[in-house]
$ cat structure_10.cif   # mmCIF, C-alpha atoms
data_start
#
loop_
_atom_site.group_PDB
_atom_site.id
_atom_site.type_symbol
_atom_site.label_atom_id
_atom_site.label_comp_id
_atom_site.auth_asym_id
_atom_site.auth_seq_id
_atom_site.Cartn_x
_atom_site.Cartn_y
_atom_site.Cartn_z
ATOM 1 C CA MET M 28 154.958 91.184 98.722
ATOM 2 C CA VAL M 29 155.055 87.397 98.748
ATOM 3 C CA GLN M 30 157.704 86.012 101.036
ATOM 4 C CA ARG M 31 160.318 83.976 99.209
ATOM 5 C CA ARG M 32 159.953 81.021 101.551
ATOM 6 C CA LEU M 33 156.272 80.731 100.543
ATOM 7 C CA ILE M 34 156.955 80.645 96.786
ATOM 8 C CA PRO M 35 157.389 76.804 96.653
ATOM 9 C CA THR M 36 154.125 76.426 98.570
ATOM 10 C CA TYR M 37 152.252 78.669 96.112
ATOM 11 C CA ILE M 38 153.753 76.839 93.141
ATOM 12 C CA PHE M 39 152.673 73.502 94.626
ATOM 13 C CA LEU M 40 149.146 74.814 95.273
ATOM 14 C CA ILE M 41 148.883 76.210 91.723
ATOM 15 C CA ILE M 42 149.907 72.849 90.274
ATOM 16 C CA CYS M 43 147.392 71.015 92.483
ATOM 17 C CA SER M 44 144.656 73.477 91.475
ATOM 18 C CA PHE M 45 145.434 72.975 87.797
ATOM 19 C CA ILE M 46 145.332 69.186 88.168
ATOM 20 C CA SER M 47 141.989 69.441 89.988
ATOM 21 C CA VAL M 48 140.354 71.851 87.512
ATOM 22 C CA PHE M 49 141.696 70.342 84.271
ATOM 23 C CA PRO M 50 139.240 67.353 84.143
ATOM 24 C CA LEU M 51 136.335 69.811 84.449
ATOM 25 C CA TYR M 52 137.782 71.972 81.666
ATOM 26 C CA TRP M 53 138.353 68.924 79.469
ATOM 27 C CA MET M 54 134.785 67.727 80.015
ATOM 28 C CA ILE M 55 133.390 71.115 78.908
ATOM 29 C CA ALA M 56 135.743 71.278 75.921
ATOM 30 C CA ALA M 57 134.953 67.697 74.880
ATOM 31 C CA ALA M 58 131.223 68.495 74.953
ATOM 32 C CA THR M 59 131.820 70.965 72.101
ATOM 33 C CA ASN M 60 133.943 68.642 69.930
ATOM 34 C CA THR M 61 133.246 65.791 67.554
ATOM 35 C CA SER M 62 133.739 62.228 68.702
ATOM 36 C CA LEU M 63 136.866 61.941 66.562
ATOM 37 C CA ASN M 64 138.472 65.048 68.074
ATOM 38 C CA VAL M 65 137.708 63.820 71.595
ATOM 39 C CA ALA M 66 139.289 60.451 70.782
ATOM 40 C CA ARG M 67 142.345 62.273 69.468
ATOM 41 C CA GLY M 68 142.714 64.049 72.815
ATOM 42 C CA SER M 69 141.851 67.578 71.669
ATOM 43 C CA ILE M 70 141.624 70.024 74.579
ATOM 44 C CA ALA M 71 140.536 73.048 72.530
ATOM 45 C CA PHE M 72 136.917 74.153 72.311
ATOM 46 C CA GLY M 73 135.125 73.007 69.173
ATOM 47 C CA THR M 74 132.042 73.976 67.176
ATOM 48 C CA ASN M 75 130.026 70.759 67.498
ATOM 49 C CA PHE M 76 127.987 71.681 70.584
ATOM 50 C CA ALA M 77 124.669 72.078 68.712
ATOM 51 C CA VAL M 78 125.078 68.718 66.941
ATOM 52 C CA ASN M 79 125.983 66.976 70.196
ATOM 53 C CA PHE M 80 122.967 68.534 71.910
ATOM 54 C CA ALA M 81 120.626 67.425 69.108
ATOM 55 C CA ASN M 82 122.009 63.873 69.232
ATOM 56 C CA LEU M 83 121.757 63.820 73.037
ATOM 57 C CA SER M 84 118.123 64.930 72.945
ATOM 58 C CA LYS M 85 117.287 62.049 70.574
ATOM 59 C CA ALA M 86 119.314 59.389 72.416
ATOM 60 C CA VAL M 87 117.642 56.486 74.272
ATOM 61 C CA GLN M 88 114.233 57.214 72.748
ATOM 62 C CA GLY M 89 114.505 60.906 73.608
ATOM 63 C CA THR M 90 114.468 60.380 77.387
ATOM 64 C CA LEU M 91 117.018 63.091 78.277
ATOM 65 C CA TRP M 92 114.571 65.536 79.839
ATOM 66 C CA SER M 93 112.462 62.884 81.518
ATOM 67 C CA SER M 94 115.638 61.412 83.037
ATOM 68 C CA MET M 95 116.671 64.861 84.229
ATOM 69 C CA GLY M 96 113.225 65.410 85.728
ATOM 70 C CA ASN M 97 113.278 62.017 87.423
ATOM 71 C CA SER M 98 116.686 62.734 88.967
ATOM 72 C CA PHE M 99 115.473 66.081 90.300
ATOM 73 C CA LEU M 100 112.286 64.534 91.689
ATOM 74 C CA TYR M 101 114.006 61.575 93.347
ATOM 75 C CA SER M 102 116.889 63.647 94.729
ATOM 76 C CA ILE M 103 114.727 66.451 96.126
ATOM 77 C CA VAL M 104 112.209 64.085 97.724
ATOM 78 C CA GLN M 105 114.961 61.952 99.259
ATOM 79 C CA THR M 106 116.786 65.046 100.550
ATOM 80 C CA VAL M 107 113.678 66.490 102.216
ATOM 81 C CA VAL M 108 112.561 63.197 103.766
ATOM 82 C CA THR M 109 116.080 62.244 104.890
ATOM 83 C CA LEU M 110 116.666 65.609 106.575
ATOM 84 C CA PHE M 111 113.350 65.342 108.402
ATOM 85 C CA VAL M 112 113.826 61.756 109.618
ATOM 86 C CA CYS M 113 117.538 61.920 110.444
ATOM 87 C CA SER M 114 117.338 65.293 112.194
ATOM 88 C CA ILE M 115 114.555 64.060 114.456
ATOM 89 C CA ALA M 116 116.541 60.892 115.182
ATOM 90 C CA GLY M 117 119.745 62.809 115.960
ATOM 91 C CA TYR M 118 117.798 65.317 118.059
ATOM 92 C CA GLY M 119 116.163 62.537 120.054
ATOM 93 C CA PHE M 120 119.358 60.517 120.543
ATOM 94 C CA GLU M 121 121.250 63.507 121.973
ATOM 95 C CA LEU M 122 118.705 65.611 123.837
ATOM 96 C CA TYR M 123 116.631 62.722 125.202
ATOM 97 C CA HIS M 124 119.445 60.249 125.575
ATOM 98 C CA ASP M 125 119.855 57.549 128.217
ATOM 99 C CA LYS M 126 121.993 54.416 128.472
ATOM 100 C CA GLY M 127 119.546 52.364 126.438
ATOM 101 C CA LYS M 128 119.544 54.864 123.578
ATOM 102 C CA ASP M 129 123.329 55.064 123.691
ATOM 103 C CA ARG M 130 123.540 51.290 123.211
ATOM 104 C CA LEU M 131 121.013 51.483 120.388
ATOM 105 C CA PHE M 132 123.058 54.238 118.759
ATOM 106 C CA GLY M 133 126.162 52.061 119.002
ATOM 107 C CA ILE M 134 124.328 49.242 117.228
ATOM 108 C CA LEU M 135 123.180 51.753 114.616
ATOM 109 C CA LEU M 136 126.770 52.793 113.943
ATOM 110 C CA LEU M 137 127.709 49.155 113.406
ATOM 111 C CA ALA M 138 125.320 49.178 110.448
ATOM 112 C CA MET M 139 127.752 51.540 108.699
ATOM 113 C CA MET M 140 130.138 48.588 108.362
ATOM 114 C CA VAL M 141 127.632 46.544 106.337
ATOM 115 C CA PRO M 142 128.240 46.980 102.582
ATOM 116 C CA ALA M 143 125.274 48.273 100.611
ATOM 117 C CA VAL M 144 125.495 45.370 98.142
ATOM 118 C CA ALA M 145 124.963 42.926 101.012
ATOM 119 C CA THR M 146 121.476 44.333 101.636
ATOM 120 C CA MET M 147 120.523 44.904 97.994
ATOM 121 C CA VAL M 148 118.892 41.507 97.377
ATOM 122 C CA PRO M 149 116.603 41.546 100.459
ATOM 123 C CA LEU M 150 115.769 45.205 99.826
ATOM 124 C CA TYR M 151 114.807 44.401 96.247
ATOM 125 C CA GLY M 152 112.595 41.573 97.531
ATOM 126 C CA LEU M 153 110.813 43.951 99.916
ATOM 127 C CA VAL M 154 110.323 46.634 97.270
ATOM 128 C CA SER M 155 109.107 44.072 94.728
ATOM 129 C CA LYS M 156 106.576 42.521 97.116
ATOM 130 C CA ALA M 157 105.317 46.006 97.991
ATOM 131 C CA LYS M 158 104.855 46.639 94.230
ATOM 132 C CA LEU M 159 106.932 49.824 94.349
ATOM 133 C CA LEU M 160 109.285 49.093 91.448
ATOM 134 C CA ASN M 161 109.830 51.990 88.997
ATOM 135 C CA SER M 162 108.522 54.500 91.546
ATOM 136 C CA VAL M 163 110.019 57.316 93.583
ATOM 137 C CA TRP M 164 109.476 55.279 96.761
ATOM 138 C CA ALA M 165 111.603 52.426 95.449
ATOM 139 C CA PHE M 166 114.415 54.938 94.992
ATOM 140 C CA ILE M 167 114.236 56.769 98.322
ATOM 141 C CA LEU M 168 113.156 54.170 100.901
ATOM 142 C CA PRO M 169 116.594 52.530 101.437
ATOM 143 C CA GLY M 170 118.233 55.939 101.933
ATOM 144 C CA ILE M 171 115.662 57.726 104.092
ATOM 145 C CA SER M 172 117.546 57.041 107.315
ATOM 146 C CA THR M 173 121.302 56.489 107.320
ATOM 147 C CA PRO M 174 123.597 56.042 110.347
ATOM 148 C CA PHE M 175 125.992 58.669 109.027
ATOM 149 C CA MET M 176 123.316 61.376 108.779
ATOM 150 C CA ILE M 177 121.907 60.532 112.197
ATOM 151 C CA MET M 178 125.417 60.727 113.649
ATOM 152 C CA MET M 179 125.959 64.145 112.027
ATOM 153 C CA PHE M 180 122.761 65.555 113.508
ATOM 154 C CA ARG M 181 123.448 63.993 116.895
ATOM 155 C CA GLN M 182 126.954 65.450 117.066
ATOM 156 C CA ASN M 183 125.697 68.896 116.074
ATOM 157 C CA SER M 184 122.799 68.691 118.537
ATOM 158 C CA ARG M 185 125.349 68.885 121.348
ATOM 159 C CA ASN M 186 125.681 72.590 120.555
ATOM 160 C CA PHE M 187 121.971 73.132 121.269
ATOM 161 C CA PRO M 188 121.625 74.386 124.905
ATOM 162 C CA PRO M 189 119.287 72.177 126.998
ATOM 163 C CA ASP M 190 118.417 75.240 129.098
ATOM 164 C CA ILE M 191 116.550 76.693 126.122
ATOM 165 C CA MET M 192 114.384 73.575 125.981
ATOM 166 C CA GLU M 193 113.553 73.835 129.665
ATOM 167 C CA ALA M 194 112.644 77.519 129.311
ATOM 168 C CA ALA M 195 110.463 76.732 126.290
ATOM 169 C CA ARG M 196 108.640 73.992 128.188
ATOM 170 C CA ILE M 197 107.972 76.392 131.053
ATOM 171 C CA ASP M 198 106.507 78.841 128.528
ATOM 172 C CA GLY M 199 104.153 76.092 127.343
ATOM 173 C CA LEU M 200 105.702 75.078 124.032
ATOM 174 C CA SER M 201 105.118 71.486 122.922
ATOM 175 C CA GLU M 202 108.019 69.230 121.952
ATOM 176 C CA TRP M 203 107.200 69.574 118.243
ATOM 177 C CA LYS M 204 107.158 73.385 118.481
ATOM 178 C CA ILE M 205 110.509 73.315 120.296
ATOM 179 C CA PHE M 206 111.922 71.241 117.466
ATOM 180 C CA PHE M 207 110.530 73.253 114.539
ATOM 181 C CA LYS M 208 110.627 76.793 115.993
ATOM 182 C CA MET M 209 113.844 76.624 118.016
ATOM 183 C CA TYR M 210 116.033 73.670 117.037
ATOM 184 C CA VAL M 211 115.679 73.837 113.240
ATOM 185 C CA PRO M 212 116.504 77.585 112.879
ATOM 186 C CA VAL M 213 119.560 77.227 115.127
ATOM 187 C CA GLN M 214 120.878 74.231 113.157
ATOM 188 C CA LYS M 215 120.627 75.742 109.660
ATOM 189 C CA SER M 216 124.292 75.035 108.860
ATOM 190 C CA ILE M 217 124.079 71.301 109.599
ATOM 191 C CA TYR M 218 120.855 71.099 107.566
ATOM 192 C CA ALA M 219 122.675 72.723 104.642
ATOM 193 C CA ALA M 220 125.632 70.331 104.946
ATOM 194 C CA ALA M 221 123.338 67.313 105.189
ATOM 195 C CA ALA M 222 121.282 68.580 102.234
ATOM 196 C CA VAL M 223 124.397 68.867 100.036
ATOM 197 C CA ILE M 224 125.614 65.366 100.945
ATOM 198 C CA THR M 225 122.190 63.748 100.562
ATOM 199 C CA PHE M 226 121.363 65.501 97.294
ATOM 200 C CA MET M 227 124.723 64.612 95.740
ATOM 201 C CA ASN M 228 124.490 60.979 96.834
ATOM 202 C CA ALA M 229 120.927 60.681 95.532
ATOM 203 C CA TRP M 230 121.722 62.410 92.241
ATOM 204 C CA ASN M 231 124.808 60.266 91.579
ATOM 205 C CA ALA M 232 123.223 56.973 92.680
ATOM 206 C CA TYR M 233 123.457 54.308 90.011
ATOM 207 C CA MET M 234 123.506 50.748 91.335
ATOM 208 C CA TRP M 235 120.251 50.789 93.325
ATOM 209 C CA PRO M 236 118.228 52.725 90.693
ATOM 210 C CA LYS M 237 119.560 50.318 88.062
ATOM 211 C CA VAL M 238 118.131 47.428 90.089
ATOM 212 C CA VAL M 239 114.666 48.866 90.782
ATOM 213 C CA MET M 240 114.133 51.084 87.709
ATOM 214 C CA SER M 241 113.688 48.786 84.701
ATOM 215 C CA ASP M 242 111.458 51.203 82.744
ATOM 216 C CA ASN M 243 113.266 53.868 80.671
ATOM 217 C CA ARG M 244 110.581 56.355 81.689
ATOM 218 C CA ALA M 245 111.720 56.004 85.327
ATOM 219 C CA GLN M 246 115.482 56.089 84.727
ATOM 220 C CA THR M 247 117.790 58.692 86.242
ATOM 221 C CA MET M 248 120.552 60.738 84.639
ATOM 222 C CA PRO M 249 123.407 58.348 85.610
ATOM 223 C CA MET M 250 121.410 55.508 84.030
ATOM 224 C CA PHE M 251 120.809 57.649 80.936
ATOM 225 C CA ILE M 252 124.563 58.336 80.617
ATOM 226 C CA ALA M 253 125.323 54.611 81.022
ATOM 227 C CA ASN M 254 122.812 53.764 78.283
ATOM 228 C CA ILE M 255 124.216 56.209 75.720
ATOM 229 C CA SER M 256 127.790 55.030 76.358
ATOM 230 C CA SER M 257 127.116 51.282 76.224
ATOM 231 C CA GLY M 258 126.676 50.845 72.462
ATOM 232 C CA TYR M 259 129.125 49.357 69.988
ATOM 233 C CA THR M 260 129.961 52.854 68.683
ATOM 234 C CA VAL M 261 130.228 55.563 71.319
ATOM 235 C CA ASP M 262 129.779 59.230 70.396
ATOM 236 C CA TYR M 263 132.257 60.733 72.868
ATOM 237 C CA GLY M 264 131.231 64.337 72.242
ATOM 238 C CA MET M 265 127.573 63.561 72.922
ATOM 239 C CA THR M 266 128.498 61.453 75.955
ATOM 240 C CA MET M 267 130.645 64.199 77.476
ATOM 241 C CA LEU M 268 127.812 66.696 76.951
ATOM 242 C CA GLY M 269 125.529 64.292 78.825
ATOM 243 C CA VAL M 270 128.103 64.011 81.623
ATOM 244 C CA LEU M 271 128.251 67.818 81.768
ATOM 245 C CA PHE M 272 124.461 68.042 82.083
ATOM 246 C CA CYS M 273 124.565 65.376 84.783
ATOM 247 C CA SER M 274 127.294 67.198 86.738
ATOM 248 C CA LEU M 275 125.866 70.730 86.671
ATOM 249 C CA PRO M 276 123.104 70.340 89.322
ATOM 250 C CA THR M 277 125.447 68.922 91.961
ATOM 251 C CA MET M 278 128.057 71.595 91.244
ATOM 252 C CA ILE M 279 125.453 74.350 91.539
ATOM 253 C CA VAL M 280 124.085 72.972 94.806
ATOM 254 C CA PHE M 281 127.575 72.710 96.284
ATOM 255 C CA PHE M 282 128.687 76.205 95.225
ATOM 256 C CA VAL M 283 125.471 77.790 96.508
ATOM 257 C CA LEU M 284 125.710 76.063 99.898
ATOM 258 C CA GLN M 285 129.487 75.717 100.264
ATOM 259 C CA LYS M 286 129.758 78.214 103.161
ATOM 260 C CA GLN M 287 126.971 76.547 105.140
ATOM 261 C CA PHE M 288 128.392 73.144 104.199
ATOM 262 C CA ALA M 289 131.777 74.014 105.698
ATOM 263 C CA GLU M 290 130.151 75.421 108.845
ATOM 264 C CA GLY M 291 127.934 72.357 109.255
ATOM 265 C CA ILE M 292 130.766 69.863 108.794
ATOM 266 C CA THR M 293 132.986 71.789 111.217
ATOM 267 C CA GLY M 294 130.214 71.911 113.793
ATOM 268 C CA SER M 295 129.479 68.191 113.537
ATOM 269 C CA VAL M 296 133.156 67.299 114.040
ATOM 270 C CA LYS M 297 133.663 69.410 117.173
#

$ encode --input "structure_10.cif" --output "structure tokens"
Amino acid sequence: MVQRRLIPTYIFLIICSFISVFPLYWMIAAATNTSLNVARGSIAFGTNFAVNFANLSKAVQGTLWSSMGNSFLYSIVQTVVTLFVCSIAGYGFELYHDKGKDRLFGILLLAMMVPAVATMVPLYGLVSKAKLLNSVWAFILPGISTPFMIMMFRQNSRNFPPDIMEAARIDGLSEWKIFFKMYVPVQKSIYAAAAVITFMNAWNAYMWPKVVMSDNRAQTMPMFIANISSGYTVDYGMTMLGVLFCSLPTMIVFFVLQKQFAEGITGSVK
């Protein structure tokens, strides 16, 4: 039986859960309604899903699926490259550290205080001169190595026993084999946590892709949603269906990796 003293706590948690879940429910319901019903604030499921889907497929010169494909391509490539670069950096900072590297790491953390918009103009100049505009490299290069990800891997690398490295060296393993065959399997949880964070940030990115992706064929899903909602007359049902499509991949990734995500975040904070 539930103890009486816990009843207020459960009621509070139920209310908080309802408040958290309701926007998701409303988004799904709105995706099935007409624009007029959405504007009226209807929260019931409608019968306009097929019409909204047809309109969404034709919107912005029919670039829905190409935008979805671009977002998957950019997000997956950035996630893979970021995990590789940042894990090696965190591994090196912690397991091969000295006073000089500690000072360098401190300077690296200071970079977290610099707003992204402050570096956007020089970054655009570099990408433009390199003739990388409207390409996957223009999207991923600024986010390949971030101080936050390096810090996460460095903090979690403290749980990796140095004695194992010494034993592996005695057995003749090279440094790269130690990293790939011993360090990576042990740190699966932090890789999962970093993958979730990186994928979600890359998928939801809007400002930087908007700057470097001027061609509709290279646009991402957030840019596609912004384009269909920027006209004089907005079809709210179609827009909410687009938002639902844009939200599903990140939700799926998080739910699939939520256990490893929690373990990785906990390990990096210890």

$ residues_around --input "structure_10.cif" --residues "range 71-88 of chain M" --least-positions-apart "3" --cutoff "10 Å" --atoms "only C-alpha atoms" --output "list in words"
Tyr52, Trp53, Ile55, Ala56, Ala57, Ala58, Thr59, Asn60, Thr61, Ser62, Asn64, Val65, Gly68, Leu91, Trp92, Asn243, Arg244, Phe251, Ile252, Asn254, Ile255, Asp262, Tyr263, Gly264, Met265, Thr266, Met267, Leu268 and Gly269 of chain M

$ closest_residue --input "structure_10.cif" --among "M:Thr260, M:Asn161, M:Gln30, M:Gln246" --to "Leu63 in chain M" --atoms "all atoms listed in the file"
M:Thr260

$ residues_around --input "structure_10.cif" --residues "range 173-176 of chain M" --least-positions-apart "5" --cutoff "9 Å" --atoms "only C-alpha atoms" --output "list in words"
Thr109, Leu110, Cys113, Ser114, Gly117, Phe132, Leu135, Leu136, Leu137, Ala138, Met139, Arg181, Ala221 and Thr225 of chain M

$ resolve_selection --input "structure_10.cif" --expression "the PyMOL selection byres ((chain M and resi 236) around 9)" --output "PyMOL selection string"
chain M and resi 161+165-166+232-235+237-241+246-247+250

$ closest_residue --input "structure_10.cif" --among "M:Met227, M:Ala222, M:Cys43, M:Val148" --to "Met179 in chain M" --atoms "all atoms listed in the file"
M:Ala222

$ closest_residue --input "structure_10.cif" --among "M:Ala194, M:Leu131, M:Met54, M:Ala143" --to "Ser274 in chain M" --atoms "all atoms listed in the file"
M:Met54

$ atom_distance --input "structure_10.cif" --atom1 "CA of Val107 in chain M" --atom2 "CA of Pro212 in chain M"
15.6 Å

$ atom_distance --input "structure_10.cif" --atom1 "CA of Ile167 in chain M" --atom2 "CA of Gln105 in chain M"
5.3 Å

$ atom_distance --input "structure_10.cif" --atom1 "CA of Asn228 in chain M" --atom2 "CA of Gly291 in chain M"
17.2 Å

$ closest_residue --input "structure_10.cif" --among "M:Pro276, M:Pro50, M:Pro169, M:Gly89" --to "Phe226 in chain M" --atoms "all atoms listed in the file"
M:Pro276

$ resolve_selection --input "structure_10.cif" --expression "the PyMOL selection byres ((chain M and resi 97-100) around 7)" --output "VMD selection string"
chain M and resid 93 to 96 101 to 104 230 245 to 248

$ resolve_selection --input "structure_10.cif" --expression "the PyMOL selection byres ((chain M and resi 185) around 12)" --output "VMD selection string"
chain M and resid 117 to 124 178 to 184 186 to 189 210 213 to 214 294 to 297

$ residues_around --input "structure_10.cif" --residues "Val112 in chain M" --least-positions-apart "3" --cutoff "8 Å" --atoms "all atoms listed in the file" --output "list of chain:residue names"
M:Val108, M:Thr109, M:Ile115, M:Ala116, M:Ile171, M:Ser172

$ axis_aligned_box --input "structure_10.cif" --around "range 115-127 of chain M" --padding-each-side "8 Å" --output "AutoDock Vina command-line options"
--center_x 118.3 --center_y 59.0 --center_z 121.5 --size_x 23.4 --size_y 29.2 --size_z 30.0
